[in-house]
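Novice: What follows is entry39.cif, mmCIF, C-alpha atoms.
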```
data_run
#
loop_
_atom_site.label_atom_id
_atom_site.label_comp_id
_atom_site.auth_asym_id
_atom_site.auth_seq_id
_atom_site.Cartn_x
_atom_site.Cartn_y
_atom_site.Cartn_z
CA MET H 232 -229.15 92.75 -154.91
CA SER H 233 -226.34 93.44 -157.32
CA VAL H 234 -224.73 96.09 -155.11
CA PRO H 235 -224.16 93.87 -152.04
CA ALA H 236 -222.85 91.06 -154.26
CA GLU H 237 -220.36 93.42 -155.83
CA ALA H 238 -219.28 94.77 -152.44
CA ALA H 239 -218.72 91.25 -151.11
CA ALA H 240 -216.73 90.12 -154.14
CA PRO H 241 -213.11 89.25 -153.33
CA ARG H 242 -210.40 91.57 -154.53
CA LYS H 243 -208.73 90.60 -157.81
CA TRP H 244 -205.05 89.63 -157.72
CA TYR H 245 -204.09 92.92 -159.38
CA GLN H 246 -206.17 95.07 -157.00
CA PHE H 247 -203.70 95.97 -154.26
CA SER H 248 -204.75 97.22 -150.83
CA LEU H 249 -203.41 100.59 -149.71
CA THR H 250 -200.77 98.88 -147.56
CA GLN H 251 -199.57 96.83 -150.55
CA GLN H 252 -199.54 99.94 -152.74
CA ILE H 253 -197.46 101.83 -150.17
CA LEU H 254 -195.01 98.93 -149.81
CA LEU H 255 -194.71 98.73 -153.60
CA GLY H 256 -194.04 102.48 -153.71
CA LEU H 257 -191.42 102.01 -151.00
CA VAL H 258 -189.60 99.28 -152.95
CA VAL H 259 -189.70 101.23 -156.21
CA GLY H 260 -188.46 104.32 -154.35
CA VAL H 261 -185.51 102.45 -152.84
CA LEU H 262 -184.51 101.06 -156.25
CA LEU H 263 -184.87 104.47 -157.87
CA GLY H 264 -182.86 106.13 -155.09
CA TRP H 265 -180.13 103.50 -155.40
CA TRP H 266 -179.98 104.13 -159.16
CA MET H 267 -179.91 107.92 -158.58
CA SER H 268 -177.02 107.64 -156.13
CA GLY H 269 -174.82 106.35 -158.97
CA GLN H 270 -175.66 109.21 -161.34
CA THR H 271 -173.75 112.46 -161.84
CA PRO H 272 -174.47 115.26 -159.33
CA GLU H 273 -176.26 117.26 -162.06
CA ALA H 274 -178.53 114.37 -163.03
CA ARG H 275 -179.19 113.51 -159.39
CA GLN H 276 -180.10 117.14 -158.66
CA GLY H 277 -182.68 117.10 -161.44
CA TRP H 278 -184.29 113.90 -160.18
CA ASN H 279 -184.23 115.18 -156.57
CA GLU H 280 -185.99 118.38 -157.59
CA TRP H 281 -188.96 116.69 -159.26
CA LEU H 282 -189.23 113.84 -156.78
CA GLY H 283 -189.07 116.47 -154.03
CA VAL H 284 -192.08 118.16 -155.61
CA VAL H 285 -194.08 114.92 -155.49
CA ARG H 286 -193.05 114.25 -151.89
CA ASP H 287 -193.81 117.81 -150.74
CA ILE H 288 -197.22 117.93 -152.43
CA PHE H 289 -198.20 114.77 -150.57
CA LEU H 290 -196.93 116.09 -147.23
CA HIS H 291 -198.61 119.47 -147.77
CA LEU H 292 -201.95 117.80 -148.47
CA ILE H 293 -201.55 115.68 -145.35
CA LYS H 294 -200.63 118.64 -143.16
CA VAL H 295 -203.50 120.81 -144.39
CA MET H 296 -206.06 118.35 -142.97
CA ILE H 297 -204.45 117.76 -139.57
CA ALA H 298 -205.68 120.80 -137.62
CA PRO H 299 -209.34 120.64 -138.75
CA LEU H 300 -209.42 116.85 -138.32
CA ILE H 301 -208.02 116.99 -134.77
CA PHE H 302 -210.16 119.96 -133.76
CA ALA H 303 -213.40 118.48 -135.09
CA SER H 304 -212.70 114.98 -133.70
CA VAL H 305 -211.82 116.17 -130.21
CA VAL H 306 -214.78 118.54 -129.95
CA GLN H 307 -217.24 115.99 -131.28
CA GLY H 308 -215.78 113.13 -129.24
CA PHE H 309 -215.62 114.89 -125.88
CA ALA H 310 -218.79 116.96 -126.28
CA GLY H 311 -220.60 113.74 -127.18
CA THR H 312 -219.84 112.32 -123.72
CA GLY H 313 -221.58 115.23 -122.00
CA ASP H 314 -219.31 114.58 -119.00
CA MET H 315 -216.55 117.01 -117.98
CA LYS H 316 -215.22 114.62 -115.33
CA LYS H 317 -214.64 112.00 -117.99
CA VAL H 318 -212.52 114.45 -119.99
CA GLY H 319 -210.18 114.94 -117.03
CA ARG H 320 -210.10 111.21 -116.27
CA ILE H 321 -209.03 110.33 -119.82
CA GLY H 322 -206.37 113.03 -119.65
CA TRP H 323 -204.63 111.82 -116.50
CA LYS H 324 -204.82 108.17 -117.57
CA ALA H 325 -203.20 108.98 -120.90
CA LEU H 326 -200.41 111.06 -119.30
CA LEU H 327 -199.68 108.35 -116.70
CA TYR H 328 -199.42 105.72 -119.44
CA PHE H 329 -197.18 108.01 -121.53
CA GLU H 330 -194.75 108.53 -118.63
CA VAL H 331 -194.47 104.83 -117.77
CA VAL H 332 -193.88 103.67 -121.35
CA THR H 333 -191.35 106.40 -122.24
CA THR H 334 -189.42 105.51 -119.08
CA PHE H 335 -189.18 101.92 -120.31
CA ALA H 336 -188.02 103.26 -123.70
CA LEU H 337 -185.12 105.03 -122.00
CA LEU H 338 -184.24 101.90 -120.00
CA VAL H 339 -184.25 99.64 -123.07
CA GLY H 340 -182.10 102.11 -125.00
CA LEU H 341 -179.64 102.45 -122.11
CA VAL H 342 -179.26 98.68 -121.66
CA VAL H 343 -178.86 97.87 -125.37
CA VAL H 344 -176.33 100.64 -126.09
CA ASN H 345 -174.18 99.54 -123.13
CA VAL H 346 -174.27 95.90 -124.25
CA VAL H 347 -173.55 96.52 -127.94
CA LYS H 348 -171.26 99.58 -127.45
CA PRO H 349 -171.66 101.04 -130.98
CA GLY H 350 -169.50 104.05 -130.10
CA ALA H 351 -166.49 102.02 -128.98
CA GLY H 352 -163.64 102.56 -131.43
CA VAL H 353 -165.22 105.59 -133.10
CA VAL H 354 -162.77 108.49 -133.07
CA LEU H 355 -164.20 112.00 -133.11
CA ALA H 356 -162.43 114.77 -135.01
CA ALA H 357 -160.58 116.94 -132.54
CA ASN H 358 -161.18 120.13 -134.51
CA ALA H 359 -164.85 119.54 -135.28
CA ALA H 360 -166.34 122.78 -133.99
CA GLN H 361 -169.69 123.00 -135.67
CA SER H 362 -171.83 125.90 -134.54
CA THR H 363 -175.14 125.29 -132.83
CA ALA H 364 -176.09 128.95 -132.85
CA GLY H 365 -178.93 128.41 -135.30
CA LEU H 366 -180.61 125.69 -133.25
CA ALA H 367 -183.52 126.35 -130.95
CA LYS H 368 -183.20 125.35 -127.30
CA PRO H 369 -185.41 122.65 -125.80
CA LEU H 370 -188.23 123.98 -123.67
CA THR H 371 -188.14 123.97 -119.88
CA LEU H 372 -190.99 122.36 -117.96
CA GLY H 373 -192.57 125.75 -117.31
CA GLU H 374 -192.27 126.71 -120.98
CA ILE H 375 -193.84 123.39 -122.05
CA ILE H 376 -196.87 124.03 -119.83
CA THR H 377 -197.20 127.63 -121.04
CA HIS H 378 -196.79 126.55 -124.65
CA MET H 379 -199.78 124.19 -124.35
CA PHE H 380 -202.19 127.15 -124.25
CA PRO H 381 -202.42 129.02 -127.57
CA VAL H 382 -202.51 132.81 -127.87
CA SER H 383 -204.48 132.35 -131.10
CA VAL H 384 -206.16 129.15 -132.22
CA MET H 385 -205.79 130.25 -135.84
CA ASP H 386 -202.03 130.64 -135.34
CA ALA H 387 -201.84 127.21 -133.69
CA MET H 388 -203.71 125.66 -136.63
CA ALA H 389 -201.54 127.49 -139.17
CA ARG H 390 -198.42 126.05 -137.51
CA ASN H 391 -200.04 122.61 -137.03
CA ASP H 392 -199.18 122.75 -133.33
CA VAL H 393 -201.19 119.66 -132.40
CA LEU H 394 -200.83 120.09 -128.64
CA GLN H 395 -202.24 123.63 -128.68
CA VAL H 396 -205.05 122.57 -130.99
CA VAL H 397 -205.96 119.68 -128.67
CA VAL H 398 -205.94 121.85 -125.53
CA PHE H 399 -208.16 124.47 -127.18
CA ALA H 400 -210.47 121.76 -128.57
CA VAL H 401 -210.88 120.12 -125.14
CA LEU H 402 -211.75 123.47 -123.54
CA PHE H 403 -214.10 124.26 -126.43
CA ALA H 404 -215.81 120.87 -126.01
CA MET H 405 -216.31 121.58 -122.32
CA ALA H 406 -217.96 124.88 -123.28
CA VAL H 407 -220.23 123.02 -125.74
CA ILE H 408 -221.27 120.66 -122.91
CA ALA H 409 -221.90 123.58 -120.56
CA ALA H 410 -224.00 125.39 -123.22
CA GLY H 411 -226.61 122.62 -123.19
CA GLU H 412 -229.26 123.05 -125.89
CA ALA H 413 -227.41 125.98 -127.45
CA GLY H 414 -224.39 123.76 -127.99
CA LYS H 415 -226.21 121.02 -129.89
CA PRO H 416 -225.96 122.68 -133.35
CA VAL H 417 -222.22 123.16 -132.77
CA PHE H 418 -221.87 119.50 -131.82
CA THR H 419 -223.76 118.44 -134.95
CA PHE H 420 -221.58 120.66 -137.14
CA PHE H 421 -218.34 119.20 -135.81
CA GLY H 422 -219.70 115.68 -136.24
CA SER H 423 -220.33 116.40 -139.91
CA LEU H 424 -216.94 118.10 -140.29
CA THR H 425 -215.21 115.02 -138.85
CA GLN H 426 -216.88 112.74 -141.40
CA VAL H 427 -215.96 115.11 -144.26
CA MET H 428 -212.32 115.24 -143.10
CA PHE H 429 -212.14 111.43 -143.03
CA LYS H 430 -213.41 111.36 -146.63
CA PHE H 431 -210.84 114.02 -147.51
CA ALA H 432 -208.13 111.87 -145.92
CA GLY H 433 -209.29 108.91 -148.02
CA LEU H 434 -208.84 110.95 -151.20
CA ILE H 435 -205.34 112.07 -150.20
CA MET H 436 -204.32 108.50 -149.27
CA LYS H 437 -204.76 107.49 -152.91
CA PHE H 438 -201.66 109.61 -153.57
CA ALA H 439 -199.70 108.00 -150.71
CA PRO H 440 -197.75 105.37 -152.76
CA PHE H 441 -196.35 108.13 -154.99
CA GLY H 442 -195.49 110.40 -152.05
CA VAL H 443 -193.85 107.52 -150.18
CA GLY H 444 -191.83 106.37 -153.19
CA ALA H 445 -190.63 109.91 -153.91
CA ALA H 446 -189.66 110.51 -150.25
CA ILE H 447 -187.58 107.35 -149.93
CA ALA H 448 -185.99 107.85 -153.36
CA VAL H 449 -184.78 111.34 -152.39
CA THR H 450 -183.38 110.01 -149.09
CA ILE H 451 -181.54 107.06 -150.64
CA GLY H 452 -180.40 109.17 -153.61
CA ALA H 453 -178.81 111.73 -151.29
CA GLN H 454 -177.43 109.37 -148.64
CA GLY H 455 -176.64 106.34 -150.81
CA LEU H 456 -176.91 102.79 -149.54
CA GLY H 457 -173.25 103.13 -148.58
CA SER H 458 -174.24 105.60 -145.86
CA LEU H 459 -174.94 102.55 -143.68
CA VAL H 460 -171.29 101.51 -143.69
CA THR H 461 -169.68 104.27 -141.58
CA LEU H 462 -172.15 104.12 -138.73
CA ALA H 463 -173.66 100.71 -139.42
CA LYS H 464 -173.26 99.56 -135.84
CA LEU H 465 -175.20 102.58 -134.53
CA VAL H 466 -177.99 102.07 -137.08
CA PHE H 467 -178.34 98.37 -136.28
CA THR H 468 -178.16 99.07 -132.53
CA LEU H 469 -181.07 101.50 -132.73
CA TYR H 470 -183.14 99.23 -134.97
CA GLY H 471 -182.41 96.26 -132.70
CA ALA H 472 -183.30 98.23 -129.56
CA LEU H 473 -186.57 99.37 -131.14
CA VAL H 474 -187.43 95.77 -132.08
CA ILE H 475 -186.72 94.64 -128.50
CA PHE H 476 -188.83 97.51 -127.16
CA VAL H 477 -191.75 96.75 -129.48
CA VAL H 478 -191.68 92.99 -128.83
CA PHE H 479 -191.21 93.03 -125.06
CA VAL H 480 -192.62 96.35 -123.81
CA PHE H 481 -195.44 96.80 -126.32
CA GLY H 482 -196.00 93.04 -126.25
CA THR H 483 -196.45 93.12 -122.47
CA VAL H 484 -198.82 96.09 -122.74
CA ILE H 485 -200.85 94.28 -125.40
CA TRP H 486 -201.07 91.20 -123.16
CA LEU H 487 -201.97 93.13 -119.99
CA ALA H 488 -204.56 95.35 -121.72
CA LYS H 489 -205.98 92.41 -123.69
CA VAL H 490 -205.53 94.28 -126.96
CA PRO H 491 -206.84 92.15 -129.87
CA LEU H 492 -203.56 91.60 -131.67
CA ARG H 493 -204.63 90.76 -135.22
CA PRO H 494 -207.15 93.62 -135.60
CA PHE H 495 -204.63 96.02 -134.04
CA VAL H 496 -201.85 94.94 -136.42
CA LYS H 497 -204.19 95.36 -139.37
CA ALA H 498 -205.16 98.83 -138.14
CA VAL H 499 -201.61 100.10 -137.59
CA ARG H 500 -199.81 98.67 -140.60
CA GLU H 501 -200.74 101.52 -142.97
CA PRO H 502 -199.92 104.39 -140.54
CA PHE H 503 -196.72 102.58 -139.53
CA THR H 504 -195.61 102.14 -143.15
CA LEU H 505 -196.41 105.76 -143.99
CA ALA H 506 -194.45 107.01 -140.98
CA PHE H 507 -191.47 104.78 -141.80
CA ALA H 508 -191.29 105.73 -145.47
CA THR H 509 -191.78 109.48 -145.01
CA ALA H 510 -190.08 109.83 -141.58
CA ASN H 511 -193.01 112.13 -140.79
CA SER H 512 -195.51 111.42 -138.01
CA GLU H 513 -198.01 113.88 -139.45
CA ALA H 514 -198.23 111.87 -142.67
CA ALA H 515 -199.56 108.92 -140.68
CA LEU H 516 -201.91 110.83 -138.36
CA PRO H 517 -205.10 110.95 -140.51
CA LYS H 518 -204.95 107.23 -141.31
CA ALA H 519 -204.16 106.42 -137.67
CA PHE H 520 -207.21 108.46 -136.61
CA GLU H 521 -209.46 106.61 -139.03
CA ASN H 522 -208.19 103.10 -138.33
CA MET H 523 -208.13 103.40 -134.53
CA GLU H 524 -211.76 104.43 -134.59
CA LYS H 525 -212.60 101.56 -136.96
CA VAL H 526 -210.86 99.03 -134.71
CA GLY H 527 -212.99 99.99 -131.70
CA VAL H 528 -211.53 103.07 -129.96
CA PRO H 529 -214.14 105.80 -129.28
CA ARG H 530 -213.61 109.00 -131.25
CA GLY H 531 -213.17 111.15 -128.15
CA ILE H 532 -210.29 109.00 -126.89
CA VAL H 533 -208.63 108.79 -130.30
CA GLY H 534 -208.97 112.54 -130.71
CA PHE H 535 -207.21 113.25 -127.42
CA VAL H 536 -204.64 110.45 -127.06
CA LEU H 537 -203.11 110.48 -130.57
CA PRO H 538 -202.37 114.25 -130.77
CA ALA H 539 -201.30 114.47 -127.10
CA GLY H 540 -198.96 111.55 -127.69
CA TYR H 541 -197.12 113.59 -130.32
CA SER H 542 -195.68 115.65 -127.46
CA PHE H 543 -195.72 113.29 -124.49
CA ASN H 544 -195.41 109.75 -125.87
CA LEU H 545 -192.57 109.72 -128.40
CA ASP H 546 -191.29 106.25 -127.54
CA GLY H 547 -189.09 105.85 -130.61
CA SER H 548 -187.55 109.31 -130.27
CA THR H 549 -186.94 108.82 -126.55
CA LEU H 550 -185.20 105.49 -127.11
CA HIS H 551 -183.16 107.06 -129.92
CA LEU H 552 -181.99 109.83 -127.57
CA ALA H 553 -180.80 107.25 -125.05
CA VAL H 554 -178.85 105.31 -127.69
CA ALA H 555 -177.43 108.40 -129.43
CA SER H 556 -176.28 110.18 -126.27
CA VAL H 557 -174.45 107.13 -124.88
CA PHE H 558 -173.01 106.45 -128.36
CA VAL H 559 -171.40 109.90 -128.26
CA ALA H 560 -170.15 109.24 -124.71
CA GLN H 561 -168.54 105.98 -125.88
CA ALA H 562 -166.95 107.70 -128.87
CA ALA H 563 -165.69 110.46 -126.57
CA GLU H 564 -164.10 107.84 -124.32
CA THR H 565 -162.31 106.33 -127.34
CA THR H 566 -161.09 109.79 -128.36
CA THR H 567 -160.14 111.25 -124.94
CA GLY H 568 -159.87 108.23 -122.64
CA ILE H 569 -162.31 109.79 -120.15
CA HIS H 570 -164.90 107.24 -118.99
CA PHE H 571 -168.57 108.23 -118.79
CA THR H 572 -169.86 106.25 -115.80
CA ILE H 573 -173.15 104.42 -115.55
CA GLU H 574 -174.20 106.87 -112.82
CA GLN H 575 -173.66 109.76 -115.24
CA GLN H 576 -175.61 107.88 -117.90
CA ILE H 577 -178.58 107.38 -115.55
CA THR H 578 -178.49 111.08 -114.64
CA MET H 579 -178.48 111.98 -118.32
CA MET H 580 -181.49 109.67 -118.88
CA LEU H 581 -183.40 111.55 -116.15
CA VAL H 582 -182.60 114.83 -117.92
CA LEU H 583 -183.72 113.39 -121.26
CA MET H 584 -186.95 112.17 -119.63
CA LEU H 585 -187.86 115.80 -118.97
CA THR H 586 -186.39 117.58 -122.01
CA SER H 587 -187.83 115.08 -124.49
CA LYS H 588 -191.35 116.10 -123.44
CA GLY H 589 -190.94 119.36 -125.32
CA VAL H 590 -189.47 117.70 -128.37
CA ALA H 591 -192.46 118.24 -130.65
CA ALA H 592 -192.39 122.02 -130.19
CA VAL H 593 -188.78 122.41 -131.31
CA PRO H 594 -187.44 122.48 -134.90
CA ARG H 595 -185.13 119.51 -135.67
CA ALA H 596 -186.55 118.06 -132.50
CA SER H 597 -184.47 115.02 -131.50
CA PHE H 598 -181.22 116.60 -132.67
CA VAL H 599 -181.85 119.74 -130.60
CA VAL H 600 -182.58 117.74 -127.44
CA LEU H 601 -179.48 115.60 -128.07
CA ILE H 602 -177.31 118.72 -128.44
CA ALA H 603 -178.69 120.14 -125.19
CA ALA H 604 -177.96 116.89 -123.31
CA LEU H 605 -174.41 116.67 -124.67
CA GLU H 606 -173.72 120.28 -123.71
CA SER H 607 -175.08 119.71 -120.20
CA PHE H 608 -172.73 116.77 -119.63
CA LYS H 609 -169.70 118.31 -121.41
CA LEU H 610 -169.68 115.71 -124.18
CA PRO H 611 -168.31 116.66 -127.63
CA LEU H 612 -170.89 118.03 -130.06
CA ALA H 613 -168.88 116.51 -132.91
CA GLY H 614 -170.51 113.19 -132.03
CA ALA H 615 -173.99 114.59 -132.65
CA PHE H 616 -172.98 115.96 -136.03
CA LEU H 617 -171.44 112.59 -136.89
CA ILE H 618 -174.85 110.98 -136.24
CA LEU H 619 -176.44 113.43 -138.67
CA GLY H 620 -174.86 111.44 -141.50
CA VAL H 621 -177.32 108.60 -140.95
CA ASP H 622 -180.06 110.53 -139.18
CA ALA H 623 -182.47 110.03 -142.08
CA LEU H 624 -182.27 106.25 -141.58
CA LEU H 625 -182.62 106.59 -137.81
CA ASP H 626 -185.54 108.98 -138.21
CA MET H 627 -187.54 106.46 -140.24
CA ALA H 628 -187.34 103.89 -137.45
CA ARG H 629 -188.01 106.16 -134.50
CA THR H 630 -190.91 107.95 -136.22
CA SER H 631 -192.71 104.72 -137.11
CA VAL H 632 -192.36 103.47 -133.51
CA ASN H 633 -193.71 106.82 -132.26
CA VAL H 634 -196.83 106.29 -134.37
CA LEU H 635 -197.17 102.65 -133.31
CA GLY H 636 -196.85 103.64 -129.64
CA ASN H 637 -199.52 106.32 -129.87
CA CYS H 638 -201.94 103.99 -131.66
CA LEU H 639 -201.41 101.42 -128.90
CA ALA H 640 -201.88 104.12 -126.25
CA SER H 641 -205.32 104.98 -127.63
CA VAL H 642 -206.40 101.33 -127.38
CA VAL H 643 -205.00 101.01 -123.84
CA VAL H 644 -206.80 104.14 -122.59
CA ALA H 645 -210.03 102.98 -124.24
CA ARG H 646 -209.69 99.57 -122.56
CA TRP H 647 -208.86 101.28 -119.24
CA GLU H 648 -212.05 103.33 -119.58
CA GLY H 649 -214.01 100.18 -120.40
CA GLU H 650 -215.04 101.63 -123.75
CA PHE H 651 -213.06 99.56 -126.25
CA ASP H 652 -215.45 97.86 -128.69
CA ASP H 653 -214.30 94.26 -129.22
CA GLN H 654 -217.14 93.56 -131.65
CA LYS H 655 -216.02 96.48 -133.80
CA ALA H 656 -212.45 95.11 -133.74
CA ALA H 657 -213.65 91.69 -134.88
CA ALA H 658 -215.69 93.26 -137.67
CA PHE H 659 -212.69 95.32 -138.76
CA LEU H 660 -210.54 92.19 -138.95
CA ALA H 661 -213.20 90.36 -140.94
CA ASP H 662 -213.50 93.20 -143.47
CA THR H 663 -211.52 91.99 -146.49
CA GLY H 664 -213.06 94.30 -149.06
CA PRO H 665 -211.01 96.63 -151.27
CA LYS H 666 -209.33 99.48 -149.45
CA ALA H 667 -209.36 103.04 -150.68
#
```
Just dump the structure as structure tokens.

Specialist:
Amino acid sequence: MSVPAEAAAPRKWYQFSLTQQILLGLVVGVLLGWWMSGQTPEARQGWNEWLGVVRDIFLHLIKVMIAPLIFASVVQGFAGTGDMKKVGRIGWKALLYFEVVTTFALLVGLVVVNVVKPGAGVVLAANAAQSTAGLAKPLTLGEIITHMFPVSVMDAMARNDVLQVVVFAVLFAMAVIAAGEAGKPVFTFFGSLTQVMFKFAGLIMKFAPFGVGAAIAVTIGAQGLGSLVTLAKLVFTLYGALVIFVVFVFGTVIWLAKVPLRPFVKAVREPFTLAFATANSEAALPKAFENMEKVGVPRGIVGFVLPAGYSFNLDGSTLHLAVASVFVAQAAETTTGIHFTIEQQITMMLVLMLTSKGVAAVPRASFVVLIAALESFKLPLAGAFLILGVDALLDMARTSVNVLGNCLASVVVARWEGEFDDQKAAAFLADTGPKA
């Protein structure tokens, strides 16, 4: 009797939930970074080195669990259905949803940047001739499709290439289904592995407040709060466009799909905060996996939609590309007097709609795609390098919206399949016990 009573006991005022711990780490990190920015370069370098160690340890521990967690979850989730047709049905529904929502992201970005005009009055340096020789090129459509299929699953896991891991896992799950009785021990093994990886993620999340605080402190310490001043209008334009997109586009999706708002908000707040503070989608993936399943999305759908969304449903990154590319066009018009027409902007959005699909497979993803778009439309690359000055601040916003969008996508596909568990969502909302 004593155990249930203890479990039901309300949390003490000093026992913070994980979300509160992460937010506290974020605030402390900002204050520490602001203090560091006023120190001498030597002192700042010393702080950056040790805080960088804390940040990198956290990110390494997160990354090491991603491939086995995705692989086990997808295999167990899809093999558990015993239905190959269902696997294909979930796939096309997810991809259709991804395409529709990312198109709206481009439209919102295009409208907002033309209304606010953050690039108007910004003069680009005439002699800014930075080299892009070291940057990878965005993948063509054919290369994206080829890249989806790994040469070696071990290599894909070592590189944390989530799309290749998902494709292999789906095919492997289909083989488990086809194997019948012989596949049952494999199915049982991956079910156990999934549970172990969730427990592993819970252990690592205890370190999240320290990793988050260190990450934001290094960013603020290097950039300084004054980094907002030079390109403040661009930063606020992107943040404003993302808010509009979340409220109106995601809000409409939530209304149409009858997504239970309060349980969903509770489920996404920790992954969202982690993504924002670390500017790293992978840092939020394990917690997003766990919480989406807790809120009522079947494991098979979570296991496919979340990783696939990392390549095909980057709503925040897509909107950022729309805002950044037109910002450069506006700055180029101020510098050269040559107007970049709305027809040219729409054409560039269509190009970005395709090239952004390969963004996850390219180092320095959004920046590389932006460079490619600017080169295609003969816009000055100096504008892209100007944006790099505040890219850390932009990255935090677009990454967190990417995570939010993929979490929502998993709920929408589950609802579309008629498999979303509303009772589980209600139970998740009612659970007010201490969080790990």

Novice: Please write the residues picked by the PyMOL selection byres ((chain H and resi 425) around 12) on this file as a ChimeraX atom specification.

Specialist: /H:296-308,418-424,426-432,517,520-521,524,530-531,534

Novice: Return the single residue from H:Val478, H:Val401, H:Ala628, H:Val285 that is closest to Thr549 of chain H, with distances computed using all atoms listed in the file.

Specialist: H:Ala628

Novice: Can you measure atom CA of His570 of chain H to atom CA of Leu625 of chain H for me? One decimal in Å is fine.

Specialist: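 Computed distance, atom CA of His570 of chain H to atom CA of Leu625 of chain H, equals 25.9 Å.
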
Novice: Could you tell me, as an NGL selection string, exactly which residues end up selected when the PyMOL selection byres ((chain H and resi 528) around 8) is applied to this structure?

Specialist: :H and (523-527 or 529-530 or 532-533 or 641-642 or 645 or 650-652)

Novice: I need the chosen residues saved as a short mmCIF file (atom, residue, chain, number, x, y, z; two decimals), in the coordinates of the input, with C-alpha atoms.

Specialist:
```cif
data_model
loop_
_atom_site.label_atom_id
_atom_site.label_comp_id
_atom_site.auth_asym_id
_atom_site.auth_seq_id
_atom_site.Cartn_x
_atom_site.Cartn_y
_atom_site.Cartn_z
CA MET H 523 -208.13 103.40 -134.53
CA GLU H 524 -211.76 104.43 -134.59
CA LYS H 525 -212.60 101.56 -136.96
CA VAL H 526 -210.86 99.03 -134.71
CA GLY H 527 -212.99 99.99 -131.70
CA PRO H 529 -214.14 105.80 -129.28
CA ARG H 530 -213.61 109.00 -131.25
CA ILE H 532 -210.29 109.00 -126.89
CA VAL H 533 -208.63 108.79 -130.30
CA SER H 641 -205.32 104.98 -127.63
CA VAL H 642 -206.40 101.33 -127.38
CA ALA H 645 -210.03 102.98 -124.24
CA GLU H 650 -215.04 101.63 -123.75
CA PHE H 651 -213.06 99.56 -126.25
CA ASP H 652 -215.45 97.86 -128.69
#
```

Novice: Separation of atom CA of Glu513 of chain H and atom CA of Asn637 of chain H, in Å?

Specialist: 12.3 Å

Novice: I'd like the neighbourhood of Ala409 of chain H as JSON, numbers by chain, where a residue qualifies if any of its atoms comes within 12 Å (using all atoms listed in the file), though same-chain residues fewer than 3 positions away should be ignored.

Specialist: {"H": [309, 310, 311, 312, 313, 314, 315, 402, 403, 404, 405, 406, 412, 413, 414, 415, 418]}

Novice: Using the chain letters and numbering of this document, enumerate as number ranges by chain the residues selected by the PyMOL selection byres ((chain H and resi 252) around 10).

Specialist: H: 246-251, 253-258, 437-441, 443, 501

Novice: Could those residues be written to a file, using C-alpha atoms, as a short mmCIF file (atom, residue, chain, number, x, y, z; two decimals), keeping the file's coordinate frame?

Specialist:
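Produced file part_35.cif, reproduced below:
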```
data_model
loop_
_atom_site.label_atom_id
_atom_site.label_comp_id
_atom_site.auth_asym_id
_atom_site.auth_seq_id
_atom_site.Cartn_x
_atom_site.Cartn_y
_atom_site.Cartn_z
CA GLN H 246 -206.17 95.07 -157.00
CA PHE H 247 -203.70 95.97 -154.26
CA SER H 248 -204.75 97.22 -150.83
CA LEU H 249 -203.41 100.59 -149.71
CA THR H 250 -200.77 98.88 -147.56
CA GLN H 251 -199.57 96.83 -150.55
CA ILE H 253 -197.46 101.83 -150.17
CA LEU H 254 -195.01 98.93 -149.81
CA LEU H 255 -194.71 98.73 -153.60
CA GLY H 256 -194.04 102.48 -153.71
CA LEU H 257 -191.42 102.01 -151.00
CA VAL H 258 -189.60 99.28 -152.95
CA LYS H 437 -204.76 107.49 -152.91
CA PHE H 438 -201.66 109.61 -153.57
CA ALA H 439 -199.70 108.00 -150.71
CA PRO H 440 -197.75 105.37 -152.76
CA PHE H 441 -196.35 108.13 -154.99
CA VAL H 443 -193.85 107.52 -150.18
CA GLU H 501 -200.74 101.52 -142.97
#
```

Novice: One decimal, in Å: what's the spacing between atom CA of Leu338 of chain H and atom CA of Leu581 of chain H?

Specialist: 10.4 Å

Novice: Would you mind telling me which residue in H:Phe659, H:Phe571, H:Phe558, H:Trp281 lies nearest to Gly614 of chain H when using all atoms listed in the file?

Specialist: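 So, comparing all the options, the nearest one is H:Phe558.
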
Novice: Restricting the calculation to only C-alpha atoms, which member of H:Thr630, H:Thr572, H:Ser556, H:Thr483 is positioned closest to Leu601 of chain H?

Specialist: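 The shortest atom-to-atom distance to Leu601 of chain H comes from H:Ser556.
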
Novice: Using all atoms listed in the file - which residues lie no farther than 12 Å from the point (-190.7, 105.1, -118.0) in the file's frame? Write them as a ChimeraX atom specification.

Specialist: /H:326-340,480,543-546,549-550,580-581,583-585

Novice: With distances taken over only C-alpha atoms, which of H:Leu639, H:Thr567, H:Val490, H:Leu505 is nearest to Ala656 of chain H?

Specialist: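 Smallest separation from Ala656 of chain H among the options: H:Val490.
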
Novice: Show me, as a list of chain:residue names, the residues that have an atom within 8 Å of Leu465 of chain H when counting all atoms listed in the file, minus same-chain residues fewer than 2 positions from it.

Specialist: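 With the cut-off at 8 Å, the set is H:Pro349, H:Gly350, H:Leu462, H:Ala463, H:Phe467, H:Thr468, H:Leu469, H:Phe558.
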
Novice: Find, counting only C-alpha atoms, the residue in H:Ala510, H:Leu617, H:Val557, H:Leu635 that gets nearest to Ala604 of chain H.

Specialist: H:Val557

Novice: Tell me which protein, DNA and RNA residues are within 9 Å of Leu262 of chain H, counting only C-alpha atoms, leaving out same-chain ones fewer than 5 positions away, and put them as a ChimeraX atom specification.

Specialist: /H:257,267,448,451

Novice: Pick from H:Asn279, H:Thr565, H:Ser631, H:Asn511: nearest to Val474 of chain H, with only C-alpha atoms counted?

Specialist: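 Going through H:Asn279, H:Thr565, H:Ser631, H:Asn511 one by one, the smallest distance to Val474 of chain H is for H:Ser631.
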